[in-house]
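So this block is input.cif, mmCIF, C-alpha atoms:
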data_upload
loop_
_atom_site.group_PDB
_atom_site.id
_atom_site.type_symbol
_atom_site.label_atom_id
_atom_site.label_comp_id
_atom_site.auth_asym_id
_atom_site.auth_seq_id
_atom_site.Cartn_x
_atom_site.Cartn_y
_atom_site.Cartn_z
ATOM 1 C CA MET H 1195 54.797 89.397 114.537
ATOM 2 C CA GLY H 1196 55.245 86.397 116.807
ATOM 3 C CA GLU H 1197 56.994 83.131 116.088
ATOM 4 C CA MET H 1198 55.613 81.319 113.064
ATOM 5 C CA ASN H 1199 55.344 77.602 112.652
ATOM 6 C CA ASP H 1200 56.973 76.032 109.608
ATOM 7 C CA ARG H 1201 53.807 75.942 107.518
ATOM 8 C CA GLU H 1202 53.151 79.635 108.097
ATOM 9 C CA LEU H 1203 56.784 80.339 107.277
ATOM 10 C CA VAL H 1204 56.518 78.457 103.973
ATOM 11 C CA GLU H 1205 53.532 80.620 103.013
ATOM 12 C CA PHE H 1206 55.334 83.732 104.252
ATOM 13 C CA VAL H 1207 58.460 82.965 102.176
ATOM 14 C CA ALA H 1208 56.461 82.446 98.966
ATOM 15 C CA GLU H 1209 54.477 85.632 99.546
ATOM 16 C CA VAL H 1210 57.513 87.777 100.434
ATOM 17 C CA SER H 1211 59.488 86.457 97.468
ATOM 18 C CA GLY H 1212 56.614 87.481 95.232
ATOM 19 C CA ARG H 1213 56.594 90.964 96.771
ATOM 20 C CA ILE H 1214 60.388 91.332 96.437
ATOM 21 C CA ARG H 1215 60.144 90.327 92.796
ATOM 22 C CA GLY H 1216 57.309 92.831 92.255
ATOM 23 C CA GLN H 1217 59.418 95.640 93.725
ATOM 24 C CA LEU H 1218 62.502 94.737 91.673
ATOM 25 C CA GLN H 1219 60.416 94.662 88.491
ATOM 26 C CA ARG H 1220 59.663 98.359 88.982
ATOM 27 C CA ARG H 1221 63.276 98.974 87.950
ATOM 28 C CA ILE H 1222 64.476 95.841 86.192
ATOM 29 C CA VAL H 1223 62.731 94.953 82.934
ATOM 30 C CA GLY H 1224 62.582 91.228 82.139
ATOM 31 C CA GLN H 1225 65.479 89.137 83.516
ATOM 32 C CA ASP H 1226 62.956 86.842 85.251
ATOM 33 C CA ALA H 1227 65.356 83.894 85.377
ATOM 34 C CA THR H 1228 68.023 86.110 86.954
ATOM 35 C CA LEU H 1229 65.614 87.435 89.591
ATOM 36 C CA GLU H 1230 64.540 83.903 90.527
ATOM 37 C CA LEU H 1231 68.143 82.725 90.914
ATOM 38 C CA VAL H 1232 69.148 85.759 92.989
ATOM 39 C CA LEU H 1233 66.195 85.071 95.316
ATOM 40 C CA VAL H 1234 67.243 81.409 95.550
ATOM 41 C CA ALA H 1235 70.735 82.524 96.633
ATOM 42 C CA LEU H 1236 69.274 84.990 99.125
ATOM 43 C CA LEU H 1237 67.134 82.282 100.748
ATOM 44 C CA SER H 1238 69.959 79.738 100.724
ATOM 45 C CA GLY H 1239 72.527 82.093 102.211
ATOM 46 C CA GLY H 1240 74.638 81.589 99.068
ATOM 47 C CA HIS H 1241 76.910 83.757 96.935
ATOM 48 C CA CYS H 1242 76.315 84.547 93.246
ATOM 49 C CA LEU H 1243 78.575 85.119 90.300
ATOM 50 C CA ILE H 1244 76.744 87.215 87.712
ATOM 51 C CA THR H 1245 78.141 87.160 84.201
ATOM 52 C CA GLY H 1246 76.967 89.602 81.564
ATOM 53 C CA VAL H 1247 78.121 92.379 79.273
ATOM 54 C CA PRO H 1248 78.173 95.942 80.681
ATOM 55 C CA GLY H 1249 74.892 97.830 80.833
ATOM 56 C CA LEU H 1250 72.476 95.030 81.766
ATOM 57 C CA ALA H 1251 71.598 96.590 85.158
ATOM 58 C CA LYS H 1252 73.647 94.145 87.263
ATOM 59 C CA THR H 1253 74.584 96.848 89.777
ATOM 60 C CA LEU H 1254 71.064 98.271 89.865
ATOM 61 C CA LEU H 1255 69.678 94.808 90.603
ATOM 62 C CA VAL H 1256 71.888 94.259 93.663
ATOM 63 C CA LYS H 1257 71.359 97.795 94.966
ATOM 64 C CA SER H 1258 67.589 97.455 94.613
ATOM 65 C CA LEU H 1259 67.691 94.093 96.388
ATOM 66 C CA ALA H 1260 69.402 95.721 99.374
ATOM 67 C CA GLU H 1261 66.730 98.404 99.411
ATOM 68 C CA VAL H 1262 63.769 96.004 99.577
ATOM 69 C CA THR H 1263 65.337 93.660 102.139
ATOM 70 C CA GLU H 1264 66.636 96.200 104.672
ATOM 71 C CA LEU H 1265 70.149 94.786 104.241
ATOM 72 C CA GLY H 1266 73.411 96.694 104.387
ATOM 73 C CA PHE H 1267 74.942 97.220 100.955
ATOM 74 C CA SER H 1268 78.383 98.108 99.727
ATOM 75 C CA ARG H 1269 80.022 98.061 96.345
ATOM 76 C CA VAL H 1270 83.671 97.539 95.512
ATOM 77 C CA GLN H 1271 84.962 98.197 92.015
ATOM 78 C CA PHE H 1272 87.672 95.586 91.515
ATOM 79 C CA THR H 1273 90.692 97.018 89.699
ATOM 80 C CA PRO H 1274 94.265 95.788 89.092
ATOM 81 C CA ASP H 1275 95.615 98.058 91.867
ATOM 82 C CA LEU H 1276 93.042 97.093 94.525
ATOM 83 C CA MET H 1277 94.698 95.906 97.748
ATOM 84 C CA PRO H 1278 93.274 93.324 100.200
ATOM 85 C CA SER H 1279 92.959 96.103 102.825
ATOM 86 C CA ASP H 1280 90.667 98.019 100.441
ATOM 87 C CA ILE H 1281 88.167 95.215 101.022
ATOM 88 C CA THR H 1282 88.792 94.100 104.585
ATOM 89 C CA GLY H 1283 89.724 97.380 106.238
ATOM 90 C CA THR H 1284 92.907 98.508 107.862
ATOM 91 C CA GLU H 1285 94.571 99.334 111.187
ATOM 92 C CA VAL H 1286 95.286 103.035 111.712
ATOM 93 C CA ILE H 1287 97.168 104.763 114.514
ATOM 94 C CA GLU H 1288 94.966 107.114 116.485
ATOM 95 C CA GLU H 1289 95.915 109.397 119.316
ATOM 96 C CA ASP H 1290 93.759 109.426 122.410
ATOM 97 C CA ARG H 1291 93.152 113.151 122.966
ATOM 98 C CA ALA H 1292 92.702 112.833 126.700
ATOM 99 C CA THR H 1293 95.864 110.851 127.487
ATOM 100 C CA GLY H 1294 97.987 111.613 124.424
ATOM 101 C CA ARG H 1295 98.671 107.867 124.019
ATOM 102 C CA ARG H 1296 98.655 106.345 120.559
ATOM 103 C CA ALA H 1297 96.954 103.085 119.725
ATOM 104 C CA PHE H 1298 95.907 101.064 116.695
ATOM 105 C CA THR H 1299 92.227 101.030 115.844
ATOM 106 C CA PHE H 1300 90.640 98.941 113.124
ATOM 107 C CA VAL H 1301 88.709 100.809 110.442
ATOM 108 C CA ARG H 1302 86.239 98.403 108.844
ATOM 109 C CA GLY H 1303 86.295 97.969 105.092
ATOM 110 C CA PRO H 1304 83.324 97.557 102.745
ATOM 111 C CA VAL H 1305 83.224 93.772 103.364
ATOM 112 C CA PHE H 1306 81.451 94.480 106.682
ATOM 113 C CA THR H 1307 77.978 94.540 105.177
ATOM 114 C CA ASN H 1308 75.177 92.136 104.184
ATOM 115 C CA LEU H 1309 75.210 92.409 100.396
ATOM 116 C CA LEU H 1310 78.633 93.010 98.914
ATOM 117 C CA LEU H 1311 78.681 93.827 95.227
ATOM 118 C CA ALA H 1312 82.099 92.831 93.911
ATOM 119 C CA ASP H 1313 82.137 94.501 90.522
ATOM 120 C CA GLU H 1314 84.341 92.986 87.802
ATOM 121 C CA VAL H 1315 85.941 90.596 90.244
ATOM 122 C CA ASN H 1316 88.184 89.120 87.533
ATOM 123 C CA ARG H 1317 90.089 92.391 87.126
ATOM 124 C CA THR H 1318 91.932 92.160 90.421
ATOM 125 C CA PRO H 1319 95.076 90.116 91.192
ATOM 126 C CA PRO H 1320 94.942 86.802 93.114
ATOM 127 C CA LYS H 1321 96.078 88.330 96.413
ATOM 128 C CA THR H 1322 93.012 90.560 96.577
ATOM 129 C CA GLN H 1323 90.741 87.773 95.317
ATOM 130 C CA GLY H 1324 92.138 85.774 98.259
ATOM 131 C CA ALA H 1325 90.909 88.359 100.770
ATOM 132 C CA LEU H 1326 87.429 88.000 99.323
ATOM 133 C CA LEU H 1327 87.719 84.199 99.462
ATOM 134 C CA GLN H 1328 88.451 84.244 103.197
ATOM 135 C CA ALA H 1329 85.365 86.365 103.842
ATOM 136 C CA MET H 1330 83.186 84.028 101.759
ATOM 137 C CA GLN H 1331 84.685 80.879 103.212
ATOM 138 C CA GLU H 1332 84.945 81.684 106.901
ATOM 139 C CA LEU H 1333 82.581 84.626 107.437
ATOM 140 C CA GLN H 1334 85.514 86.530 108.913
ATOM 141 C CA VAL H 1335 88.560 88.546 107.883
ATOM 142 C CA THR H 1336 92.054 88.637 109.314
ATOM 143 C CA VAL H 1337 93.995 91.891 109.423
ATOM 144 C CA MET H 1338 97.440 92.195 111.029
ATOM 145 C CA GLY H 1339 96.951 88.839 112.744
ATOM 146 C CA LYS H 1340 93.609 89.793 114.302
ATOM 147 C CA THR H 1341 90.363 88.154 113.217
ATOM 148 C CA TYR H 1342 87.092 90.046 112.852
ATOM 149 C CA PRO H 1343 83.792 88.187 112.323
ATOM 150 C CA LEU H 1344 81.241 89.225 109.697
ATOM 151 C CA GLU H 1345 77.589 89.325 110.696
ATOM 152 C CA PRO H 1346 75.104 87.172 108.796
ATOM 153 C CA PRO H 1347 73.442 87.417 106.417
ATOM 154 C CA PHE H 1348 76.508 87.890 104.232
ATOM 155 C CA HIS H 1349 76.195 87.499 100.480
ATOM 156 C CA VAL H 1350 78.755 88.280 97.834
ATOM 157 C CA LEU H 1351 77.271 89.101 94.449
ATOM 158 C CA ALA H 1352 80.213 89.298 92.102
ATOM 159 C CA THR H 1353 80.020 90.397 88.498
ATOM 160 C CA GLN H 1354 82.367 89.608 85.673
ATOM 161 C CA ASN H 1355 82.289 90.572 82.016
ATOM 162 C CA PRO H 1356 82.344 87.541 79.746
ATOM 163 C CA ILE H 1357 84.494 89.305 77.173
ATOM 164 C CA GLU H 1358 88.070 88.132 77.589
ATOM 165 C CA GLN H 1359 89.747 91.482 77.748
ATOM 166 C CA GLU H 1360 93.369 92.335 78.414
ATOM 167 C CA GLY H 1361 94.366 92.504 82.035
ATOM 168 C CA THR H 1362 91.929 90.062 83.599
ATOM 169 C CA TYR H 1363 92.817 87.420 86.168
ATOM 170 C CA PRO H 1364 90.624 84.327 85.799
ATOM 171 C CA LEU H 1365 89.057 83.325 89.117
ATOM 172 C CA PRO H 1366 90.822 80.355 90.743
ATOM 173 C CA GLU H 1367 88.851 77.102 91.199
ATOM 174 C CA ALA H 1368 88.696 77.478 94.997
ATOM 175 C CA LEU H 1369 87.015 80.861 94.655
ATOM 176 C CA LEU H 1370 84.633 79.695 91.923
ATOM 177 C CA ASP H 1371 83.574 76.744 94.090
ATOM 178 C CA ARG H 1372 82.431 79.189 96.796
ATOM 179 C CA PHE H 1373 79.798 80.672 94.515
ATOM 180 C CA MET H 1374 76.576 78.772 94.912
ATOM 181 C CA LEU H 1375 75.200 80.040 91.600
ATOM 182 C CA ASN H 1376 76.587 81.286 88.324
ATOM 183 C CA ILE H 1377 73.936 83.489 86.744
ATOM 184 C CA ARG H 1378 74.205 84.569 83.155
ATOM 185 C CA MET H 1379 72.408 87.804 82.321
ATOM 186 C CA ASP H 1380 71.492 87.975 78.657
ATOM 187 C CA TYR H 1381 70.478 90.822 76.399
ATOM 188 C CA PRO H 1382 66.793 91.725 76.692
ATOM 189 C CA SER H 1383 64.239 90.505 74.136
ATOM 190 C CA VAL H 1384 62.972 92.935 71.495
ATOM 191 C CA ASP H 1385 59.834 93.769 73.489
ATOM 192 C CA GLU H 1386 61.800 94.215 76.702
ATOM 193 C CA GLU H 1387 64.289 96.493 74.981
ATOM 194 C CA ARG H 1388 61.427 98.621 73.633
ATOM 195 C CA ARG H 1389 60.145 98.980 77.204
ATOM 196 C CA ILE H 1390 63.615 99.822 78.545
ATOM 197 C CA VAL H 1391 64.137 102.517 75.905
ATOM 198 C CA ARG H 1392 60.790 104.132 76.732
ATOM 199 C CA MET H 1393 61.355 104.045 80.501
ATOM 200 C CA PRO H 1394 62.032 107.404 82.123
ATOM 201 C CA ARG H 1395 65.671 107.764 83.234
ATOM 202 C CA ILE H 1396 65.940 105.046 85.864
ATOM 203 C CA ASP H 1397 62.933 105.549 88.064
ATOM 204 C CA MET H 1398 64.687 105.932 91.410
ATOM 205 C CA ALA H 1399 61.528 106.424 93.453
ATOM 206 C CA PRO H 1400 62.270 104.503 96.660
ATOM 207 C CA LEU H 1401 61.243 100.849 96.662
ATOM 208 C CA ASP H 1402 59.163 99.448 99.524
ATOM 209 C CA ARG H 1403 60.942 97.545 102.261
ATOM 210 C CA VAL H 1404 59.365 94.140 101.983
ATOM 211 C CA VAL H 1405 61.163 92.028 104.571
ATOM 212 C CA SER H 1406 63.338 92.716 107.616
ATOM 213 C CA LYS H 1407 66.783 91.261 108.185
ATOM 214 C CA ASP H 1408 65.491 89.103 111.065
ATOM 215 C CA ARG H 1409 62.696 87.646 108.963
ATOM 216 C CA LEU H 1410 65.161 86.897 106.190
ATOM 217 C CA LEU H 1411 67.399 85.023 108.645
ATOM 218 C CA GLU H 1412 64.329 83.050 109.788
ATOM 219 C CA ALA H 1413 63.560 82.155 106.197
ATOM 220 C CA GLN H 1414 67.177 81.014 105.689
ATOM 221 C CA ALA H 1415 66.917 78.833 108.790
ATOM 222 C CA LEU H 1416 63.703 77.352 107.391
ATOM 223 C CA VAL H 1417 65.497 76.297 104.196
ATOM 224 C CA ASP H 1418 67.797 74.115 106.327
ATOM 225 C CA ARG H 1419 64.769 72.331 107.793
ATOM 226 C CA VAL H 1420 63.003 71.611 104.499
ATOM 227 C CA PRO H 1421 62.658 67.823 104.144
ATOM 228 C CA VAL H 1422 64.026 66.214 100.967
ATOM 229 C CA GLY H 1423 62.743 62.992 99.418
ATOM 230 C CA ASP H 1424 65.266 60.214 98.773
ATOM 231 C CA HIS H 1425 64.610 60.322 95.024
ATOM 232 C CA VAL H 1426 65.546 64.029 94.884
ATOM 233 C CA ALA H 1427 68.749 63.510 96.895
ATOM 234 C CA GLU H 1428 69.580 60.516 94.719
ATOM 235 C CA PHE H 1429 69.094 62.561 91.535
ATOM 236 C CA VAL H 1430 71.420 65.288 92.873
ATOM 237 C CA VAL H 1431 74.185 62.843 93.823
ATOM 238 C CA LYS H 1432 73.926 60.959 90.533
ATOM 239 C CA LEU H 1433 73.996 64.154 88.483
ATOM 240 C CA VAL H 1434 77.018 65.625 90.241
ATOM 241 C CA ARG H 1435 78.903 62.323 89.997
ATOM 242 C CA ALA H 1436 78.030 62.122 86.305
ATOM 243 C CA THR H 1437 80.049 65.298 85.645
ATOM 244 C CA ARG H 1438 83.271 63.523 86.605
ATOM 245 C CA PRO H 1439 85.296 61.864 83.841
ATOM 246 C CA GLY H 1440 86.443 58.280 84.390
ATOM 247 C CA PRO H 1441 86.070 54.680 83.156
ATOM 248 C CA GLY H 1442 82.243 54.537 83.477
ATOM 249 C CA ALA H 1443 81.500 58.079 82.229
ATOM 250 C CA PRO H 1444 79.847 58.830 78.863
ATOM 251 C CA ASP H 1445 82.277 59.530 75.997
ATOM 252 C CA TYR H 1446 81.385 63.205 75.770
ATOM 253 C CA VAL H 1447 82.160 63.710 79.485
ATOM 254 C CA ASN H 1448 85.593 62.120 79.085
ATOM 255 C CA GLU H 1449 86.180 64.101 75.925
ATOM 256 C CA PHE H 1450 85.186 67.566 77.124
ATOM 257 C CA ILE H 1451 85.514 67.637 80.936
ATOM 258 C CA LEU H 1452 88.872 67.580 82.666
ATOM 259 C CA TRP H 1453 87.558 67.849 86.242
ATOM 260 C CA GLY H 1454 83.957 67.439 87.366
ATOM 261 C CA ALA H 1455 82.070 69.051 90.234
ATOM 262 C CA GLY H 1456 82.955 68.196 93.845
ATOM 263 C CA PRO H 1457 80.805 67.351 96.893
ATOM 264 C CA ARG H 1458 80.162 71.023 97.744
ATOM 265 C CA ALA H 1459 78.365 71.301 94.404
ATOM 266 C CA ALA H 1460 75.980 68.522 95.464
ATOM 267 C CA GLN H 1461 75.305 70.214 98.818
ATOM 268 C CA ASN H 1462 74.694 73.538 97.066
ATOM 269 C CA LEU H 1463 72.371 71.967 94.501
ATOM 270 C CA LEU H 1464 70.279 70.372 97.221
ATOM 271 C CA VAL H 1465 70.004 73.599 99.244
ATOM 272 C CA ALA H 1466 69.202 75.637 96.115
ATOM 273 C CA SER H 1467 66.483 73.121 95.184
ATOM 274 C CA LYS H 1468 64.913 73.511 98.633
ATOM 275 C CA ALA H 1469 64.999 77.294 98.297
ATOM 276 C CA ARG H 1470 63.403 77.177 94.848
ATOM 277 C CA ALA H 1471 60.630 74.929 96.205
ATOM 278 C CA LEU H 1472 59.880 77.490 98.953
ATOM 279 C CA LEU H 1473 59.855 80.337 96.415
ATOM 280 C CA LEU H 1474 57.161 78.452 94.531
ATOM 281 C CA GLY H 1475 55.211 77.811 97.734
ATOM 282 C CA SER H 1476 55.992 74.095 97.938
ATOM 283 C CA PRO H 1477 57.089 72.549 101.259
ATOM 284 C CA THR H 1478 59.547 70.120 99.663
ATOM 285 C CA PRO H 1479 61.622 70.128 96.437
ATOM 286 C CA ARG H 1480 60.906 67.939 93.424
ATOM 287 C CA VAL H 1481 63.380 66.499 90.926
ATOM 288 C CA GLU H 1482 62.214 69.269 88.535
ATOM 289 C CA ASP H 1483 63.504 71.931 90.966
ATOM 290 C CA ALA H 1484 66.947 70.336 91.026
ATOM 291 C CA ALA H 1485 66.977 69.840 87.261
ATOM 292 C CA HIS H 1486 65.872 73.417 86.643
ATOM 293 C CA ILE H 1487 68.645 74.920 88.736
ATOM 294 C CA ALA H 1488 71.408 72.395 88.015
ATOM 295 C CA ALA H 1489 73.250 74.344 85.301
ATOM 296 C CA ALA H 1490 73.488 77.494 87.438
ATOM 297 C CA VAL H 1491 74.960 75.494 90.333
ATOM 298 C CA LEU H 1492 77.334 73.309 88.317
ATOM 299 C CA LYS H 1493 78.606 75.077 85.211
ATOM 300 C CA HIS H 1494 81.323 77.183 86.870
ATOM 301 C CA ARG H 1495 82.680 74.140 88.725
ATOM 302 C CA LEU H 1496 83.524 72.122 85.614
ATOM 303 C CA VAL H 1497 87.043 72.433 84.253
ATOM 304 C CA MET H 1498 86.807 71.916 80.496
ATOM 305 C CA THR H 1499 89.409 70.187 78.329
ATOM 306 C CA PHE H 1500 91.425 71.961 75.668
ATOM 307 C CA LYS H 1501 89.318 70.165 73.063
ATOM 308 C CA ALA H 1502 86.116 71.604 74.568
ATOM 309 C CA GLU H 1503 87.601 75.096 74.390
ATOM 310 C CA THR H 1504 88.780 74.770 70.791
ATOM 311 C CA GLU H 1505 85.436 73.321 69.702
ATOM 312 C CA ARG H 1506 83.541 75.862 71.792
ATOM 313 C CA VAL H 1507 81.619 73.244 73.733
ATOM 314 C CA GLU H 1508 79.889 75.018 76.639
ATOM 315 C CA PRO H 1509 79.355 73.425 80.090
ATOM 316 C CA ASP H 1510 75.634 74.275 79.746
ATOM 317 C CA GLU H 1511 75.240 71.929 76.770
ATOM 318 C CA ILE H 1512 76.883 69.024 78.569
ATOM 319 C CA LEU H 1513 74.801 69.612 81.703
ATOM 320 C CA LYS H 1514 71.581 69.713 79.692
ATOM 321 C CA GLN H 1515 72.451 66.311 78.254
ATOM 322 C CA LEU H 1516 73.415 64.854 81.665
ATOM 323 C CA VAL H 1517 70.214 66.113 83.316
ATOM 324 C CA LYS H 1518 68.248 64.312 80.588
ATOM 325 C CA GLU H 1519 70.174 61.065 81.024
ATOM 326 C CA VAL H 1520 70.187 61.040 84.828
ATOM 327 C CA GLY H 1521 66.579 62.195 85.101
#
Would you give me this structure, written as structure tokens?
Amino acid sequence: MGEMNDRELVEFVAEVSGRIRGQLQRRIVGQDATLELVLVALLSGGHCLITGVPGLAKTLLVKSLAEVTELGFSRVQFTPDLMPSDITGTEVIEEDRATGRRAFTFVRGPVFTNLLLADEVNRTPPKTQGALLQAMQELQVTVMGKTYPLEPPFHVLATQNPIEQEGTYPLPEALLDRFMLNIRMDYPSVDEERRIVRMPRIDMAPLDRVVSKDRLLEAQALVDRVPVGDHVAEFVVKLVRATRPGPGAPDYVNEFILWGAGPRAAQNLLVASKARALLLGSPTPRVEDAAHIAAAVLKHRLVMTFKAETERVEPDEILKQLVKEVG
């Protein structure tokens, strides 16, 4: 395939996204909202935090995604005794057989991949979470004072169980802010569960490779070039600013939010809106795209007040209300 112009690329992205979704649905029943958001992150070059109880096929989803996109995949089970070097890799002493001299060589850890599944990321101590943060933030890791770059595309898909169990370390704000999207996977509907129960033991027949790594990088570059109307950008800025408590903010924002979302949230929301527009075959995002995706981009960036926690007020509810008011 030769170079495509932007219009051909827009059509290509919509078509490929449809094919990826079709392949994933061979293994994943339902979860349409989750699939759409994961594809948005993939197109935007963003990271995802996936929250859901065990057994909802989170791991299967990420593994299958790697299979259909020709991307490298590795999985790290985050545990309390996981060390930073278990993620980044480590220097080992090796002897050169010919000369008998010893030298350090770097053995790459699982972070050197395209799709990194960080399973139960809230079970590991802050030091190890920090190693992951550097990779997400800088697209590189530092070991023993030496820096090694990661090759794009690089996506972290981290899972955490919503049940507050013993021995978990809540993710720090800086790490949460690096996740473009927070995706909540819910239990299947009755009909979906009937289908899941009747499915043969996970059908592991290979999925078709739908898109190459190079084409995916082209699609990501296209997202950057998507034009955005002033009214959409204005909606995004207004919405993100509306999450911040202060003298002019609505009462419920002052009551339930301690800290609102920062500028990176606005950038992420705009990029995610562009990606969603392309998924749907549209060359430019509408306010509806931004509104539709707003909760997934913003909810993990709000720090709630003690009152919100005691009254069980969820960020989703507040965001729904703000989207209505700003829109």
Worksheet entry | Residues within 6 Å of segment 1374-1388 of chain H, only C-alpha atoms, excluding chain neighbours under 4 positions, as number ranges by chain | H: 1240-1246, 1462, 1490-1491
Discussion item. If the PyMOL selection byres ((chain H and resi 1329) around 12) were run on this exact file, what residues would it hold? Put them as a ChimeraX atom specification.
Written reply: /H:1241,1278,1281-1282,1303-1308,1310,1322-1328,1330-1337,1341-1346,1348-1350,1369,1372
Discussion item. From the options H:Pro1400, H:Gly1266, H:Pro1248, H:Gly1339, which residue's atoms come nearest to Arg1220 of chain H, counting all atoms listed in the file?
Written reply: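 Among the listed residues, H:Pro1400 lies closest to Arg1220 of chain H.
Under the PyMOL selection byres ((chain H and resi 1463) around 7), the matching residues in the shown file are Val1430, Ala1459, Ala1460, Gln1461, Asn1462, Leu1464, Val1465, Ala1466, Ser1467, Ala1484, Ala1488 and Val1491 of chain H.
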Take the residues from that selection and put them in a file with C-alpha atoms, as a short mmCIF file (atom, residue, chain, number, x, y, z; two decimals), in the coordinates of the input.
data_model
loop_
_atom_site.label_atom_id
_atom_site.label_comp_id
_atom_site.auth_asym_id
_atom_site.auth_seq_id
_atom_site.Cartn_x
_atom_site.Cartn_y
_atom_site.Cartn_z
CA VAL H 1430 71.42 65.29 92.87
CA ALA H 1459 78.36 71.30 94.40
CA ALA H 1460 75.98 68.52 95.46
CA GLN H 1461 75.31 70.21 98.82
CA ASN H 1462 74.69 73.54 97.07
CA LEU H 1464 70.28 70.37 97.22
CA VAL H 1465 70.00 73.60 99.24
CA ALA H 1466 69.20 75.64 96.12
CA SER H 1467 66.48 73.12 95.18
CA ALA H 1484 66.95 70.34 91.03
CA ALA H 1488 71.41 72.40 88.02
CA VAL H 1491 74.96 75.49 90.33
#
Practice prompt. Go through H:Val1422, H:Ala1455, H:Leu1492, H:Ala1471 and flag the residue nearest Ser1211 of chain H, using all atoms listed in the file for the distances.
Written response: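 Of H:Val1422, H:Ala1455, H:Leu1492, H:Ala1471, the one nearest Ser1211 of chain H is H:Ala1471, counting all atoms listed in the file.
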